[in-house]
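Peer 1: The following file, target-v5.pdb, comprises PDB, C-alpha atoms:
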ATOM      1  CA  MET D   1      89.121   7.117  76.707  1.00  0.00           C
ATOM      2  CA  SER D   2      92.524   6.073  77.978  1.00  0.00           C
ATOM      3  CA  ASN D   3      93.868   2.587  77.463  1.00  0.00           C
ATOM      4  CA  TYR D   4      96.578   2.116  80.067  1.00  0.00           C
ATOM      5  CA  THR D   5      97.956  -1.401  80.146  1.00  0.00           C
ATOM      6  CA  GLY D   6     100.977  -1.119  82.432  1.00  0.00           C
ATOM      7  CA  LYS D   7     101.055  -0.584  86.169  1.00  0.00           C
ATOM      8  CA  HIS D   8     103.968   0.741  88.173  1.00  0.00           C
ATOM      9  CA  ILE D   9     103.823   0.613  91.957  1.00  0.00           C
ATOM     10  CA  LEU D  10     106.307   2.440  94.184  1.00  0.00           C
ATOM     11  CA  LEU D  11     106.374   1.388  97.833  1.00  0.00           C
ATOM     12  CA  ASP D  12     108.055   3.114 100.770  1.00  0.00           C
ATOM     13  CA  CYS D  13     108.211   0.783 103.772  1.00  0.00           C
ATOM     14  CA  TYR D  14     109.084   2.405 107.105  1.00  0.00           C
ATOM     15  CA  GLY D  15     109.944   0.733 110.398  1.00  0.00           C
ATOM     16  CA  CYS D  16     110.961  -2.620 108.914  1.00  0.00           C
ATOM     17  CA  LYS D  17     112.630  -5.215 111.113  1.00  0.00           C
ATOM     18  CA  THR D  18     116.391  -5.104 110.491  1.00  0.00           C
ATOM     19  CA  GLU D  19     116.750  -8.873 110.357  1.00  0.00           C
ATOM     20  CA  HIS D  20     114.256  -9.004 107.468  1.00  0.00           C
ATOM     21  CA  ILE D  21     116.094  -6.507 105.266  1.00  0.00           C
ATOM     22  CA  GLN D  22     119.810  -6.997 105.829  1.00  0.00           C
ATOM     23  CA  SER D  23     120.247 -10.248 103.916  1.00  0.00           C
ATOM     24  CA  LYS D  24     119.900 -10.761 100.206  1.00  0.00           C
ATOM     25  CA  GLU D  25     118.249 -14.163 100.802  1.00  0.00           C
ATOM     26  CA  SER D  26     115.292 -12.646 102.640  1.00  0.00           C
ATOM     27  CA  LEU D  27     114.857  -9.945  99.995  1.00  0.00           C
ATOM     28  CA  LEU D  28     115.104 -12.522  97.214  1.00  0.00           C
ATOM     29  CA  SER D  29     112.318 -14.530  98.871  1.00  0.00           C
ATOM     30  CA  ILE D  30     110.157 -11.378  98.843  1.00  0.00           C
ATOM     31  CA  ILE D  31     110.847 -10.819  95.143  1.00  0.00           C
ATOM     32  CA  THR D  32     110.007 -14.464  94.438  1.00  0.00           C
ATOM     33  CA  ALA D  33     106.745 -14.265  96.425  1.00  0.00           C
ATOM     34  CA  ILE D  34     105.662 -11.083  94.629  1.00  0.00           C
ATOM     35  CA  SER D  35     106.561 -12.572  91.242  1.00  0.00           C
ATOM     36  CA  LYS D  36     104.511 -15.707  91.919  1.00  0.00           C
ATOM     37  CA  THR D  37     101.567 -13.658  93.162  1.00  0.00           C
ATOM     38  CA  ILE D  38     101.463 -11.393  90.108  1.00  0.00           C
ATOM     39  CA  LYS D  39     102.126 -14.415  87.865  1.00  0.00           C
ATOM     40  CA  ILE D  40     105.409 -13.417  86.282  1.00  0.00           C
ATOM     41  CA  GLU D  41     108.235 -15.827  85.635  1.00  0.00           C
ATOM     42  CA  LEU D  42     111.569 -14.448  86.751  1.00  0.00           C
ATOM     43  CA  ILE D  43     114.177 -14.723  84.031  1.00  0.00           C
ATOM     44  CA  LYS D  44     117.063 -13.056  85.803  1.00  0.00           C
ATOM     45  CA  THR D  45     117.967 -11.528  89.154  1.00  0.00           C
ATOM     46  CA  GLU D  46     120.654  -8.963  89.929  1.00  0.00           C
ATOM     47  CA  GLU D  47     122.118  -7.852  93.235  1.00  0.00           C
ATOM     48  CA  SER D  48     124.247  -5.060  94.587  1.00  0.00           C
ATOM     49  CA  LEU D  49     125.473  -5.140  98.161  1.00  0.00           C
ATOM     50  CA  THR D  50     127.226  -2.368 100.071  1.00  0.00           C
ATOM     51  CA  GLU D  51     127.584  -1.638 103.771  1.00  0.00           C
ATOM     52  CA  GLU D  52     124.649   0.768 103.696  1.00  0.00           C
ATOM     53  CA  GLU D  53     122.397  -0.637 100.991  1.00  0.00           C
ATOM     54  CA  VAL D  54     121.136  -3.983  99.710  1.00  0.00           C
ATOM     55  CA  ILE D  55     119.615  -3.905  96.210  1.00  0.00           C
ATOM     56  CA  LEU D  56     117.929  -6.853  94.558  1.00  0.00           C
ATOM     57  CA  ALA D  57     116.075  -6.825  91.267  1.00  0.00           C
ATOM     58  CA  GLY D  58     114.125  -9.554  89.527  1.00  0.00           C
ATOM     59  CA  PHE D  59     113.299  -9.320  85.841  1.00  0.00           C
ATOM     60  CA  GLY D  60     110.602 -11.154  83.938  1.00  0.00           C
ATOM     61  CA  LEU D  61     108.929 -10.710  80.588  1.00  0.00           C
ATOM     62  CA  ARG D  62     107.404  -7.226  80.510  1.00  0.00           C
ATOM     63  CA  SER D  63     107.929  -6.794  84.255  1.00  0.00           C
ATOM     64  CA  GLN D  64     110.391  -6.133  87.049  1.00  0.00           C
ATOM     65  CA  VAL D  65     110.530  -6.117  90.852  1.00  0.00           C
ATOM     66  CA  CYS D  66     113.286  -4.104  92.519  1.00  0.00           C
ATOM     67  CA  ILE D  67     113.974  -3.666  96.233  1.00  0.00           C
ATOM     68  CA  HIS D  68     116.371  -1.161  97.819  1.00  0.00           C
ATOM     69  CA  ALA D  69     116.893  -1.926 101.506  1.00  0.00           C
ATOM     70  CA  TYR D  70     118.613   0.344 104.042  1.00  0.00           C
ATOM     71  CA  PRO D  71     118.985  -1.708 107.249  1.00  0.00           C
ATOM     72  CA  GLN D  72     120.457   1.150 109.325  1.00  0.00           C
ATOM     73  CA  LEU D  73     117.307   3.198 108.568  1.00  0.00           C
ATOM     74  CA  ASN D  74     114.849   0.282 108.809  1.00  0.00           C
ATOM     75  CA  TYR D  75     113.593   1.442 105.406  1.00  0.00           C
ATOM     76  CA  VAL D  76     112.822  -0.332 102.134  1.00  0.00           C
ATOM     77  CA  ALA D  77     111.940   1.216  98.760  1.00  0.00           C
ATOM     78  CA  ALA D  78     110.332  -1.178  96.308  1.00  0.00           C
ATOM     79  CA  ASP D  79     109.533  -0.703  92.646  1.00  0.00           C
ATOM     80  CA  ILE D  80     107.140  -3.121  90.935  1.00  0.00           C
ATOM     81  CA  TYR D  81     106.306  -2.757  87.264  1.00  0.00           C
ATOM     82  CA  THR D  82     104.330  -4.963  84.929  1.00  0.00           C
ATOM     83  CA  PHE D  83     102.750  -4.488  81.551  1.00  0.00           C
ATOM     84  CA  GLU D  84     100.123  -7.123  82.345  1.00  0.00           C
ATOM     85  CA  VAL D  85      96.503  -6.059  82.762  1.00  0.00           C
ATOM     86  CA  GLY D  86      95.542  -8.396  85.639  1.00  0.00           C
ATOM     87  CA  PHE D  87      98.086  -7.110  88.174  1.00  0.00           C
ATOM     88  CA  ASN D  88      96.526  -6.142  91.499  1.00  0.00           C
ATOM     89  CA  PRO D  89      98.907  -3.843  93.438  1.00  0.00           C
ATOM     90  CA  THR D  90      97.317  -4.592  96.799  1.00  0.00           C
ATOM     91  CA  GLN D  91      98.652  -8.150  96.599  1.00  0.00           C
ATOM     92  CA  ALA D  92     102.240  -6.865  96.470  1.00  0.00           C
ATOM     93  CA  ILE D  93     101.565  -4.439  99.315  1.00  0.00           C
ATOM     94  CA  GLN D  94     100.207  -7.251 101.491  1.00  0.00           C
ATOM     95  CA  ILE D  95     103.296  -9.391 100.821  1.00  0.00           C
ATOM     96  CA  MET D  96     105.628  -6.505 101.696  1.00  0.00           C
ATOM     97  CA  ARG D  97     103.717  -5.703 104.890  1.00  0.00           C
ATOM     98  CA  LYS D  98     103.670  -9.337 106.011  1.00  0.00           C
ATOM     99  CA  THR D  99     107.283 -10.238 105.212  1.00  0.00           C
ATOM    100  CA  LEU D 100     108.927  -6.981 106.318  1.00  0.00           C
ATOM    101  CA  THR D 101     106.608  -6.344 109.268  1.00  0.00           C
ATOM    102  CA  ALA D 102     106.669  -2.688 108.261  1.00  0.00           C
ATOM    103  CA  GLU D 103     105.063  -0.178 110.610  1.00  0.00           C
ATOM    104  CA  LYS D 104     103.977   2.060 107.765  1.00  0.00           C
ATOM    105  CA  ILE D 105     103.786   1.641 103.983  1.00  0.00           C
ATOM    106  CA  ARG D 106     103.202   4.428 101.486  1.00  0.00           C
ATOM    107  CA  ALA D 107     102.175   3.275  98.018  1.00  0.00           C
ATOM    108  CA  THR D 108     102.184   5.289  94.815  1.00  0.00           C
ATOM    109  CA  SER D 109     100.535   3.850  91.718  1.00  0.00           C
ATOM    110  CA  ILE D 110     101.391   5.030  88.220  1.00  0.00           C
ATOM    111  CA  ARG D 111      99.530   4.006  85.075  1.00  0.00           C
ATOM    112  CA  ARG D 112     101.875   3.246  82.182  1.00  0.00           C
ATOM    113  CA  GLY D 113     101.479   2.566  78.477  1.00  0.00           C
ATOM    114  CA  ASN D 114      98.584   4.742  77.321  1.00  0.00           C
ATOM    115  CA  ILE D 115      98.037   3.058  73.969  1.00  0.00           C
ATOM    116  CA  ASP D 116      95.352   5.582  72.920  1.00  0.00           C
ATOM    117  CA  ALA D 117      97.738   8.520  73.243  1.00  0.00           C
ATOM    118  CA  HIS D 118      98.340  10.422  70.050  1.00  0.00           C
ATOM    119  CA  PRO D 119     101.470   9.000  68.385  1.00  0.00           C
ATOM    120  CA  ASP D 120     102.802  12.467  67.608  1.00  0.00           C
ATOM    121  CA  MET D 121     102.848  13.696  71.216  1.00  0.00           C
ATOM    122  CA  LYS D 122     105.045  16.636  72.016  1.00  0.00           C
ATOM    123  CA  PRO D 123     105.872  17.790  75.527  1.00  0.00           C
ATOM    124  CA  THR D 124     104.149  20.912  76.681  1.00  0.00           C
ATOM    125  CA  THR D 125     106.429  23.846  77.283  1.00  0.00           C
ATOM    126  CA  LYS D 126     105.831  26.674  79.670  1.00  0.00           C
ATOM    127  CA  SER D 127     107.485  30.013  79.377  1.00  0.00           C
ATOM    128  CA  LYS D 128     108.306  31.947  82.462  1.00  0.00           C
ATOM    129  CA  THR D 129     108.035  35.716  82.420  1.00  0.00           C
ATOM    130  CA  THR D 130     110.445  37.503  84.687  1.00  0.00           C
ATOM    131  CA  THR D 131     109.278  40.107  87.153  1.00  0.00           C
ATOM    132  CA  LEU D 132     111.038  42.886  85.247  1.00  0.00           C
ATOM    133  CA  ARG D 133     109.270  41.864  82.020  1.00  0.00           C
ATOM    134  CA  LYS D 134     105.913  41.941  83.854  1.00  0.00           C
ATOM    135  CA  VAL D 135     106.624  45.465  85.117  1.00  0.00           C
ATOM    136  CA  LYS D 136     107.523  46.625  81.588  1.00  0.00           C
ATOM    137  CA  ASN D 137     104.362  45.024  80.176  1.00  0.00           C
ATOM    138  CA  VAL D 138     102.159  46.708  82.791  1.00  0.00           C
ATOM    139  CA  GLY D 139     103.875  50.050  82.127  1.00  0.00           C
ATOM    140  CA  ARG D 140     103.242  49.679  78.390  1.00  0.00           C
ATOM    141  CA  GLN D 141      99.582  48.830  79.033  1.00  0.00           C
ATOM    142  CA  ILE D 142      99.194  51.907  81.252  1.00  0.00           C
ATOM    143  CA  ASN D 143     100.740  54.142  78.577  1.00  0.00           C
ATOM    144  CA  GLN D 144      98.414  52.719  75.915  1.00  0.00           C
ATOM    145  CA  ALA D 145      95.383  53.227  78.165  1.00  0.00           C
ATOM    146  CA  ARG D 146      96.500  56.796  78.937  1.00  0.00           C
ATOM    147  CA  LYS D 147      96.878  57.640  75.233  1.00  0.00           C
ATOM    148  CA  LYS D 148      93.459  56.170  74.459  1.00  0.00           C
ATOM    149  CA  PHE D 149      91.895  58.125  77.325  1.00  0.00           C
ATOM    150  CA  VAL D 150      93.536  61.387  76.203  1.00  0.00           C
ATOM    151  CA  SER D 151      92.408  60.907  72.586  1.00  0.00           C
ATOM    152  CA  THR D 152      88.834  60.175  73.755  1.00  0.00           C
ATOM    153  CA  ILE D 153      88.790  63.357  75.895  1.00  0.00           C
ATOM    154  CA  ARG D 154      90.139  65.447  72.970  1.00  0.00           C
ATOM    155  CA  LYS D 155      87.420  64.120  70.646  1.00  0.00           C
ATOM    156  CA  LYS D 156      84.711  65.036  73.153  1.00  0.00           C
ATOM    157  CA  THR D 157      86.057  68.552  73.716  1.00  0.00           C
ATOM    158  CA  ILE D 158      86.345  69.396  69.996  1.00  0.00           C
TER     159      ILE D 158
END
Please lay out the structure from this file as structure tokens.
Peer 2:
Amino acid sequence: MSNYTGKHILLDCYGCKTEHIQSKESLLSIITAISKTIKIELIKTEESLTEEEVILAGFGLRSQVCIHAYPQLNYVAADIYTFEVGFNPTQAIQIMRKTLTAEKIRATSIRRGNIDAHPDMKPTTKSKTTTLRKVKNVGRQINQARKKFVSTIRKKTI
């Protein structure tokens, strides 16, 4: 049984109203609303503003809300993470849809913090066999089968 305690929600919001996403104040109000809804206390906020992109991030204990807004594209990418069990992602989606008046929202949910995972996990590795190696392997198998066939025929004829 898996014991995931963290939730990470990635939101792509298309067709947002430009006036809702071009100012840091409006994005900060969204971050504040989401934080209150998922019951996290914001400790710190950071911002980065350029001509093409507005980024705001709010950080709380064991959680973060980050919004990347692209006003010229009417697009917002949001990243909401919390390590709290009671977080309901649909609440954040509803806030984003209401405040941004997005035409379309795509949400991706990722479970984080599998506590039951084996502590000595190693990444799985895959080896890739080249086409030339496959041809050589098939040729070798054909030669082995031919030799076995010939030896079987010789035993029967003797």
Peer 1: Check which residues satisfy the PyMOL selection byres ((chain D and resi 64) around 12) in the file shown, then give them as a PyMOL selection string.
Peer 2: chain D and resi 6-10+31-32+34-35+38-46+56-63+65-67+78-84
Peer 1: Can you work out the spacing between atom CA of Tyr75 of chain D and atom CA of Leu11 of chain D in Å, to one decimal?
Peer 2: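 Rounded to one decimal, the two atoms are 10.5 Å apart.
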Peer 1: Quick one: pull the distance between atom CA of Arg140 of chain D and atom CA of Lys155 of chain D, Å, one decimal.
Peer 2: 22.8 Å
Peer 1: Tell me which residues the PyMOL selection byres ((chain D and resi 52) around 9) grabs here, as a list in words.
Peer 2: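 The output of the PyMOL selection byres ((chain D and resi 52) around 9) on this file is Leu49, Thr50, Glu51, Glu53, Val54, Ala69, Tyr70, Pro71 and Gln72 of chain D.
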Peer 1: Between atom CA of Phe87 of chain D and atom CA of Arg111 of chain D, what is the distance, to one decimal in Å?
Peer 2: 11.6 Å
Peer 1: Using all atoms listed in the file, tabulate the residues of segment 1-36 of chain D lying at most 7 Å from any atom of segment 98-103 of chain D, each with its closest atom pair and that distance in Å to one decimal, by chain and increasing residue number, as a Markdown table.
Peer 2:
| residue | atom | partner | partner_atom | distance |
| --- | --- | --- | --- | --- |
| D:Cys13 | CA | D:Ala102 | CA | 5.9 |
| D:Tyr14 | CA | D:Ala102 | CA | 5.8 |
| D:Gly15 | CA | D:Glu103 | CA | 5.0 |
| D:Cys16 | CA | D:Ala102 | CA | 4.3 |
| D:Lys17 | CA | D:Leu100 | CA | 6.3 |
| D:His20 | CA | D:Leu100 | CA | 5.8 |
Peer 1: What do you get, as a ChimeraX atom specification, if you spell out every residue that the PyMOL selection byres ((chain D and resi 24) around 8) selects here?
Peer 2: /D:21-23,25-28,47,54-56
Peer 1: Output segment 136-147 of chain D as a short mmCIF file (atom, residue, chain, number, x, y, z; two decimals), keeping the file's coordinate frame, making sure all heavy atoms are there.
Peer 2:
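rebuild.cif was written with the following content:
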data_model
loop_
_atom_site.label_atom_id
_atom_site.label_comp_id
_atom_site.auth_asym_id
_atom_site.auth_seq_id
_atom_site.Cartn_x
_atom_site.Cartn_y
_atom_site.Cartn_z
N LYS D 136 107.48 45.92 82.88
CA LYS D 136 107.52 46.62 81.59
C LYS D 136 106.21 46.46 80.84
O LYS D 136 105.70 47.42 80.24
CB LYS D 136 108.68 46.10 80.74
CG LYS D 136 110.04 46.55 81.22
CD LYS D 136 111.13 46.01 80.30
CE LYS D 136 112.51 46.46 80.78
NZ LYS D 136 113.58 45.94 79.93
N ASN D 137 105.63 45.26 80.87
CA ASN D 137 104.36 45.02 80.18
C ASN D 137 103.24 45.84 80.79
O ASN D 137 102.42 46.43 80.08
CB ASN D 137 104.00 43.54 80.21
CG ASN D 137 104.86 42.71 79.28
OD1 ASN D 137 105.54 43.23 78.40
ND2 ASN D 137 104.87 41.40 79.49
N VAL D 138 103.19 45.91 82.12
CA VAL D 138 102.16 46.71 82.79
C VAL D 138 102.35 48.19 82.47
O VAL D 138 101.39 48.91 82.20
CB VAL D 138 102.18 46.45 84.31
CG1 VAL D 138 101.30 47.46 85.05
CG2 VAL D 138 101.72 45.04 84.61
N GLY D 139 103.60 48.65 82.48
CA GLY D 139 103.88 50.05 82.13
C GLY D 139 103.42 50.38 80.71
O GLY D 139 102.83 51.45 80.46
N ARG D 140 103.66 49.48 79.77
CA ARG D 140 103.24 49.68 78.39
C ARG D 140 101.72 49.73 78.31
O ARG D 140 101.14 50.58 77.61
CB ARG D 140 103.79 48.54 77.52
CG ARG D 140 103.49 48.70 76.04
CD ARG D 140 104.13 47.59 75.19
NE ARG D 140 103.99 46.25 75.75
CZ ARG D 140 102.91 45.48 75.63
NH1 ARG D 140 101.85 45.93 74.99
NH2 ARG D 140 102.88 44.29 76.17
N GLN D 141 101.04 48.84 79.04
CA GLN D 141 99.58 48.83 79.03
C GLN D 141 99.01 50.12 79.62
O GLN D 141 98.01 50.66 79.13
CB GLN D 141 99.06 47.61 79.81
CG GLN D 141 99.34 46.30 79.11
CD GLN D 141 99.04 45.09 79.98
OE1 GLN D 141 98.77 45.22 81.18
NE2 GLN D 141 99.09 43.90 79.39
N ILE D 142 99.65 50.64 80.65
CA ILE D 142 99.19 51.91 81.25
C ILE D 142 99.37 53.05 80.26
O ILE D 142 98.48 53.89 80.10
CB ILE D 142 99.95 52.18 82.57
CG1 ILE D 142 99.50 51.18 83.65
CG2 ILE D 142 99.74 53.62 83.05
CD1 ILE D 142 100.31 51.22 84.92
N ASN D 143 100.51 53.09 79.58
CA ASN D 143 100.74 54.14 78.58
C ASN D 143 99.73 54.07 77.45
O ASN D 143 99.21 55.10 76.99
CB ASN D 143 102.16 54.05 78.02
CG ASN D 143 103.18 54.64 78.96
OD1 ASN D 143 102.85 55.47 79.81
ND2 ASN D 143 104.42 54.20 78.84
N GLN D 144 99.41 52.87 76.98
CA GLN D 144 98.41 52.72 75.92
C GLN D 144 97.04 53.17 76.39
O GLN D 144 96.32 53.86 75.66
CB GLN D 144 98.36 51.26 75.44
CG GLN D 144 99.56 50.83 74.63
CD GLN D 144 99.53 49.35 74.30
OE1 GLN D 144 98.75 48.59 74.86
NE2 GLN D 144 100.41 48.94 73.39
N ALA D 145 96.68 52.82 77.62
CA ALA D 145 95.38 53.23 78.17
C ALA D 145 95.33 54.74 78.34
O ALA D 145 94.30 55.38 78.05
CB ALA D 145 95.13 52.53 79.50
N ARG D 146 96.45 55.35 78.78
CA ARG D 146 96.50 56.80 78.94
C ARG D 146 96.32 57.50 77.60
O ARG D 146 95.53 58.44 77.48
CB ARG D 146 97.83 57.21 79.57
CG ARG D 146 97.96 58.72 79.83
CD ARG D 146 99.34 59.11 80.32
NE ARG D 146 100.44 58.65 79.49
CZ ARG D 146 100.83 59.23 78.34
NH1 ARG D 146 100.21 60.29 77.90
NH2 ARG D 146 101.84 58.75 77.65
N LYS D 147 97.00 57.03 76.57
CA LYS D 147 96.88 57.64 75.23
C LYS D 147 95.46 57.52 74.71
O LYS D 147 94.92 58.46 74.12
CB LYS D 147 97.85 56.96 74.26
CG LYS D 147 99.30 57.35 74.49
CD LYS D 147 100.21 56.60 73.54
CE LYS D 147 101.68 56.90 73.85
NZ LYS D 147 102.58 56.13 72.99
#
